[in-house]
>>> print(open('query19.pdb').read())   # PDB, C-alpha atoms, pLDDT in the B column
MODEL        1
ATOM      1  CA  ASP A   1      35.511   4.639  40.984  1.00 80.00           C
ATOM      2  CA  LEU A   2      33.953   6.038  37.825  1.00 84.00           C
ATOM      3  CA  ASN A   3      31.054   8.422  37.779  1.00 89.00           C
ATOM      4  CA  ILE A   4      28.104   7.910  35.440  1.00 88.00           C
ATOM      5  CA  LYS A   5      29.198  10.646  33.016  1.00 90.00           C
ATOM      6  CA  THR A   6      32.578   8.960  32.483  1.00 92.00           C
ATOM      7  CA  VAL A   7      30.945   5.568  31.903  1.00 91.00           C
ATOM      8  CA  ARG A   8      28.429   7.077  29.468  1.00 89.00           C
ATOM      9  CA  SER A   9      31.163   8.934  27.581  1.00 91.00           C
ATOM     10  CA  LEU A  10      33.327   5.815  27.282  1.00 92.00           C
ATOM     11  CA  THR A  11      30.342   3.767  26.138  1.00 91.00           C
ATOM     12  CA  TRP A  12      29.472   6.248  23.383  1.00 90.00           C
ATOM     13  CA  LYS A  13      33.084   6.452  22.194  1.00 93.00           C
ATOM     14  CA  PHE A  14      33.460   2.668  22.165  1.00 92.00           C
ATOM     15  CA  GLY A  15      30.125   2.275  20.342  1.00 88.00           C
ATOM     16  CA  TRP A  16      31.083   4.748  17.609  1.00 90.00           C
ATOM     17  CA  GLN A  17      34.448   3.042  17.171  1.00 93.00           C
ATOM     18  CA  GLY A  18      32.612  -0.257  16.683  1.00 87.00           C
ATOM     19  CA  ILE A  19      30.304   1.265  14.067  1.00 84.00           C
ATOM     20  CA  GLU A  20      33.263   2.804  12.221  1.00 89.00           C
ATOM     21  CA  ALA A  21      35.144  -0.517  12.280  1.00 88.00           C
ATOM     22  CA  HIS A  22      32.044  -2.286  10.974  1.00 80.00           C
ATOM     23  CA  LEU A  23      31.627   0.161   8.086  1.00 80.00           C
ATOM     24  CA  ASN A  24      35.342  -0.048   7.267  1.00 85.00           C
ATOM     25  CA  GLN A  25      35.125  -3.865   7.129  1.00 79.00           C
ATOM     26  CA  LEU A  26      32.137  -3.725   4.775  1.00 73.00           C
ATOM     27  CA  GLY A  27      33.999  -1.241   2.568  1.00 75.00           C
ATOM     28  CA  GLU A  28      37.058  -3.502   2.447  1.00 76.00           C
ATOM     29  CA  TRP A  29      34.901  -6.492   1.496  1.00 68.00           C
ATOM     30  CA  LEU A  30      33.263  -4.578  -1.353  1.00 65.00           C
ATOM     31  CA  ALA A  31      36.626  -3.369  -2.650  1.00 69.00           C
ATOM     32  CA  LYS A  32      38.040  -6.906  -2.416  1.00 66.00           C
ATOM     33  CA  ALA A  33      34.993  -8.438  -4.140  1.00 59.00           C
ATOM     34  CA  ALA A  34      35.844  -6.588  -7.350  1.00 58.00           C
ATOM     35  CA  THR A  35      39.396  -7.980  -7.537  1.00 62.00           C
ATOM     36  CA  ASP A  36      39.857 -11.368  -5.788  1.00 58.00           C
ATOM     37  CA  ASP A  37      38.628 -14.913  -6.304  1.00 59.00           C
ATOM     38  CA  SER A  38      36.165 -16.338  -3.836  1.00 57.00           C
ATOM     39  CA  PRO A  39      37.294 -18.201  -0.716  1.00 56.00           C
ATOM     40  CA  PHE A  40      33.825 -19.842  -0.840  1.00 64.00           C
ATOM     41  CA  ALA A  41      34.034 -21.343  -4.307  1.00 62.00           C
ATOM     42  CA  GLY A  42      32.265 -24.709  -4.291  1.00 65.00           C
ATOM     43  CA  LYS A  43      31.120 -24.480  -0.653  1.00 71.00           C
ATOM     44  CA  ARG A  44      27.669 -24.484   0.921  1.00 76.00           C
ATOM     45  CA  VAL A  45      26.675 -21.358   2.775  1.00 77.00           C
ATOM     46  CA  VAL A  46      23.732 -20.932   5.146  1.00 80.00           C
ATOM     47  CA  VAL A  47      22.185 -17.485   5.462  1.00 82.00           C
ATOM     48  CA  ARG A  48      19.758 -16.789   8.314  1.00 84.00           C
ATOM     49  CA  ILE A  49      17.998 -13.637   9.343  1.00 84.00           C
ATOM     50  CA  ASP A  50      15.808 -13.359  12.406  1.00 85.00           C
ATOM     51  CA  GLY A  51      14.070 -10.632  14.343  1.00 85.00           C
ATOM     52  CA  GLY A  52      12.795 -10.196  17.836  1.00 86.00           C
ATOM     53  CA  ARG A  53      11.233  -7.637  20.148  1.00 87.00           C
ATOM     54  CA  LEU A  54      13.045  -5.540  22.669  1.00 87.00           C
ATOM     55  CA  ARG A  55      12.076  -2.681  24.942  1.00 86.00           C
ATOM     56  CA  LEU A  56      14.530   0.167  25.344  1.00 83.00           C
ATOM     57  CA  LYS A  57      14.371   2.620  28.198  1.00 83.00           C
ATOM     58  CA  VAL A  58      14.334   6.173  26.793  1.00 82.00           C
ATOM     59  CA  PRO A  59      14.335   9.020  29.347  1.00 82.00           C
ATOM     60  CA  LYS A  60      11.689  11.731  29.154  1.00 83.00           C
ATOM     61  CA  ARG A  61      12.555  15.375  29.571  1.00 78.00           C
ATOM     62  CA  GLY A  62      11.017  17.282  32.398  1.00 78.00           C
ATOM     63  CA  ARG A  63      10.586  17.244  36.115  1.00 81.00           C
ATOM     64  CA  ARG A  64      11.488  14.421  38.414  1.00 82.00           C
ATOM     65  CA  LYS A  65       8.821  12.272  40.016  1.00 81.00           C
ATOM     66  CA  LYS A  66       8.126  12.225  43.746  1.00 84.00           C
ATOM     67  CA  ASN A  67      10.618   9.414  44.167  1.00 84.00           C
ATOM     68  CA  GLY A  68      13.382  11.662  42.732  1.00 79.00           C
ATOM     69  CA  ARG A  69      13.771   9.807  39.429  1.00 82.00           C
ATOM     70  CA  HIS A  70      13.193  11.033  35.892  1.00 81.00           C
ATOM     71  CA  PRO A  71      10.296   9.417  34.015  1.00 85.00           C
ATOM     72  CA  PHE A  72      11.009   7.301  30.931  1.00 85.00           C
ATOM     73  CA  HIS A  73       9.389   5.641  27.914  1.00 84.00           C
ATOM     74  CA  THR A  74       9.817   1.951  27.166  1.00 85.00           C
ATOM     75  CA  ASP A  75       9.261   1.794  23.419  1.00 83.00           C
ATOM     76  CA  TRP A  76       9.353  -1.474  21.485  1.00 85.00           C
ATOM     77  CA  TYR A  77      12.128  -2.008  18.938  1.00 84.00           C
ATOM     78  CA  GLU A  78      12.828  -4.905  16.613  1.00 87.00           C
ATOM     79  CA  PRO A  79      16.460  -6.013  16.409  1.00 88.00           C
ATOM     80  CA  ARG A  80      17.323  -8.068  13.348  1.00 89.00           C
ATOM     81  CA  VAL A  81      20.202 -10.562  13.453  1.00 88.00           C
ATOM     82  CA  ILE A  82      22.001 -11.892  10.388  1.00 86.00           C
ATOM     83  CA  CYS A  83      23.963 -15.151  10.602  1.00 84.00           C
ATOM     84  CA  ILE A  84      26.089 -16.511   7.741  1.00 81.00           C
ATOM     85  CA  TYR A  85      28.038 -19.768   8.093  1.00 81.00           C
ATOM     86  CA  LEU A  86      29.475 -22.657   6.097  1.00 80.00           C
ATOM     87  CA  ILE A  87      28.208 -26.247   6.201  1.00 80.00           C
ATOM     88  CA  ASP A  88      29.760 -29.463   4.916  1.00 76.00           C
ATOM     89  CA  GLU A  89      28.178 -31.984   2.520  1.00 75.00           C
ATOM     90  CA  LYS A  90      26.313 -33.656   5.405  1.00 78.00           C
ATOM     91  CA  GLY A  91      24.780 -30.361   6.539  1.00 75.00           C
ATOM     92  CA  LYS A  92      26.926 -30.004   9.666  1.00 79.00           C
ATOM     93  CA  LYS A  93      28.288 -26.600  10.614  1.00 78.00           C
ATOM     94  CA  ALA A  94      31.893 -26.121   9.555  1.00 72.00           C
ATOM     95  CA  GLU A  95      34.655 -24.629  11.693  1.00 69.00           C
ATOM     96  CA  VAL A  96      33.830 -21.798  14.099  1.00 59.00           C
ATOM     97  CA  GLU A  97      35.900 -19.224  12.166  1.00 62.00           C
ATOM     98  CA  SER A  98      33.438 -19.469   9.274  1.00 66.00           C
ATOM     99  CA  CYS A  99      30.566 -17.767  11.143  1.00 76.00           C
ATOM    100  CA  TRP A 100      29.621 -14.125  10.543  1.00 78.00           C
ATOM    101  CA  TYR A 101      27.066 -12.312  12.670  1.00 82.00           C
ATOM    102  CA  ASP A 102      25.623  -8.853  12.375  1.00 83.00           C
ATOM    103  CA  ALA A 103      22.663  -7.117  13.975  1.00 84.00           C
ATOM    104  CA  SER A 104      20.846  -3.827  13.698  1.00 84.00           C
ATOM    105  CA  PHE A 105      17.730  -1.955  14.747  1.00 84.00           C
ATOM    106  CA  SER A 106      17.079  -0.847  11.154  1.00 82.00           C
ATOM    107  CA  ASP A 107      13.918  -1.619   9.205  1.00 83.00           C
ATOM    108  CA  ALA A 108      13.529  -4.689   6.970  1.00 81.00           C
ATOM    109  CA  ASP A 109      14.728  -2.969   3.783  1.00 85.00           C
ATOM    110  CA  GLU A 110      17.919  -1.723   5.427  1.00 85.00           C
ATOM    111  CA  SER A 111      18.497  -5.133   7.038  1.00 83.00           C
ATOM    112  CA  PHE A 112      18.282  -6.876   3.666  1.00 84.00           C
ATOM    113  CA  GLU A 113      20.585  -4.237   2.173  1.00 84.00           C
ATOM    114  CA  LEU A 114      23.057  -5.057   4.957  1.00 82.00           C
ATOM    115  CA  LEU A 115      22.653  -8.774   4.213  1.00 83.00           C
ATOM    116  CA  TYR A 116      23.249  -8.114   0.500  1.00 80.00           C
ATOM    117  CA  THR A 117      26.401  -6.151   1.348  1.00 78.00           C
ATOM    118  CA  HIS A 118      27.696  -9.038   3.474  1.00 77.00           C
ATOM    119  CA  LEU A 119      26.965 -11.570   0.745  1.00 76.00           C
ATOM    120  CA  LYS A 120      28.577  -9.401  -1.911  1.00 73.00           C
ATOM    121  CA  GLY A 121      31.600  -8.979   0.353  1.00 69.00           C
ATOM    122  CA  LEU A 122      31.731 -12.739   0.848  1.00 68.00           C
ATOM    123  CA  PHE A 123      31.663 -13.281  -2.941  1.00 65.00           C
ATOM    124  CA  TYR A 124      28.087 -14.544  -3.232  1.00 65.00           C
ATOM    125  CA  GLU A 125      28.269 -15.215  -6.969  1.00 64.00           C
ATOM    126  CA  HIS A 126      30.883 -17.973  -6.390  1.00 64.00           C
ATOM    127  CA  ILE A 127      28.971 -19.880  -3.689  1.00 61.00           C
ATOM    128  CA  LYS A 128      27.944 -23.390  -4.787  1.00 59.00           C
ATOM    129  CA  ARG A 129      24.577 -23.735  -3.014  1.00 58.00           C
ATOM    130  CA  PRO A 130      23.265 -20.974  -0.793  1.00 58.00           C
ATOM    131  CA  VAL A 131      20.785 -22.120   1.833  1.00 58.00           C
ATOM    132  CA  VAL A 132      18.557 -19.307   3.030  1.00 59.00           C
ATOM    133  CA  GLY A 133      16.524 -19.657   6.232  1.00 56.00           C
ATOM    134  CA  MET A 134      14.196 -17.220   7.915  1.00 54.00           C
ATOM    135  CA  SER A 135      12.719 -17.590  11.352  1.00 53.00           C
ATOM    136  CA  LEU A 136       9.307 -16.045  11.624  1.00 49.00           C
ATOM    137  CA  SER A 137       7.767 -15.685  15.014  1.00 49.00           C
ATOM    138  CA  GLY A 138       4.546 -14.544  16.384  1.00 41.00           C
TER     139      GLY A 138
ENDMDL
END
>>> encode(input="query19.pdb", output="structure tokens")
Amino acid sequence: DLNIKTVRSLTWKFGWQGIEAHLNQLGEWLAKAATDDSPFAGKRVVVRIDGGRLRLKVPKRGRRKKNGRHPFHTDWYEPRVICIYLIDEKGKKAEVESCWYDASFSDADESFELLYTHLKGLFYEHIKRPVVGMSLSG
């Protein structure tokens, strides 16, 4: 039995560890990009970025309602997902280990900066033919 405060505390700690690991990985890629040859030399790479809409429940401060619950806002947010993977000469997706995913709630400029960082870390200048796809909805 865990109370809600313990679950919330563990969730926050785990989330921050994930963010730190993510930033460390990006830093390692950038450091490696300056020294090593590309593992993608002569390969086709597909780059996709897509967005969506999501409502997040954000609690309001103040008094409880008659039903005993705190009121909340449900603001709209736009998550952006980046997908990078290798394809063969026939256009089929290569092995599963060659897929990289990332997502954020940042704005478009920050999302493309994140995409640029991934591509730089994956040695973009050595890729044979990048294939860029964007899904636009709505």
>>> closest_residue(input="query19.pdb", among="A:Arg44, A:Lys65, A:Arg53, A:Arg80", to="Asp107 (chain A)", atoms="all atoms listed in the file")
A:Arg80
>>> closest_residue(input="query19.pdb", among="A:Trp76, A:Asp50, A:Tyr85, A:Gly91", to="Phe112 (chain A)", atoms="all atoms listed in the file")
A:Asp50
>>> residues_near_point(input="query19.pdb", point="(11.8, -7.1, 17.0)", cutoff="7 Å", atoms="all atoms listed in the file", output="list in words")
Gly51, Gly52, Arg53, Leu54, Tyr77, Glu78, Pro79 and Arg80 of chain A
>>> atom_distance(input="query19.pdb", atom1="CA of Gln25 (chain A)", atom2="CA of Lys92 (chain A)")
27.5 Å
>>> resolve_selection(input="query19.pdb", expression="the PyMOL selection byres ((chain A and resi 82) around 9)", output="MDAnalysis selection string")
chainID A and resid 47:51 80:81 83:84 100:104 111 114:115
>>> atom_distance(input="query19.pdb", atom1="CA of Lys93 (chain A)", atom2="CA of His118 (chain A)")
19.0 Å
>>> residues_around(input="query19.pdb", residues="region 59-61 of chain A", least_positions_apart="6", cutoff="7 Å", atoms="all atoms listed in the file", output="list in words")
His70, Pro71, Phe72 and His73 of chain A
>>> atom_distance(input="query19.pdb", atom1="CA of Phe14 (chain A)", atom2="CA of Asp75 (chain A)")
24.2 Å
>>> axis_aligned_box(input="query19.pdb", around="region 105-112 of chain A", padding_each_side="4 Å", output="JSON")
{"center_x": 16.0, "center_y": -3.9, "center_z": 9.2, "size_x": 13.0, "size_y": 14.0, "size_z": 19.1}
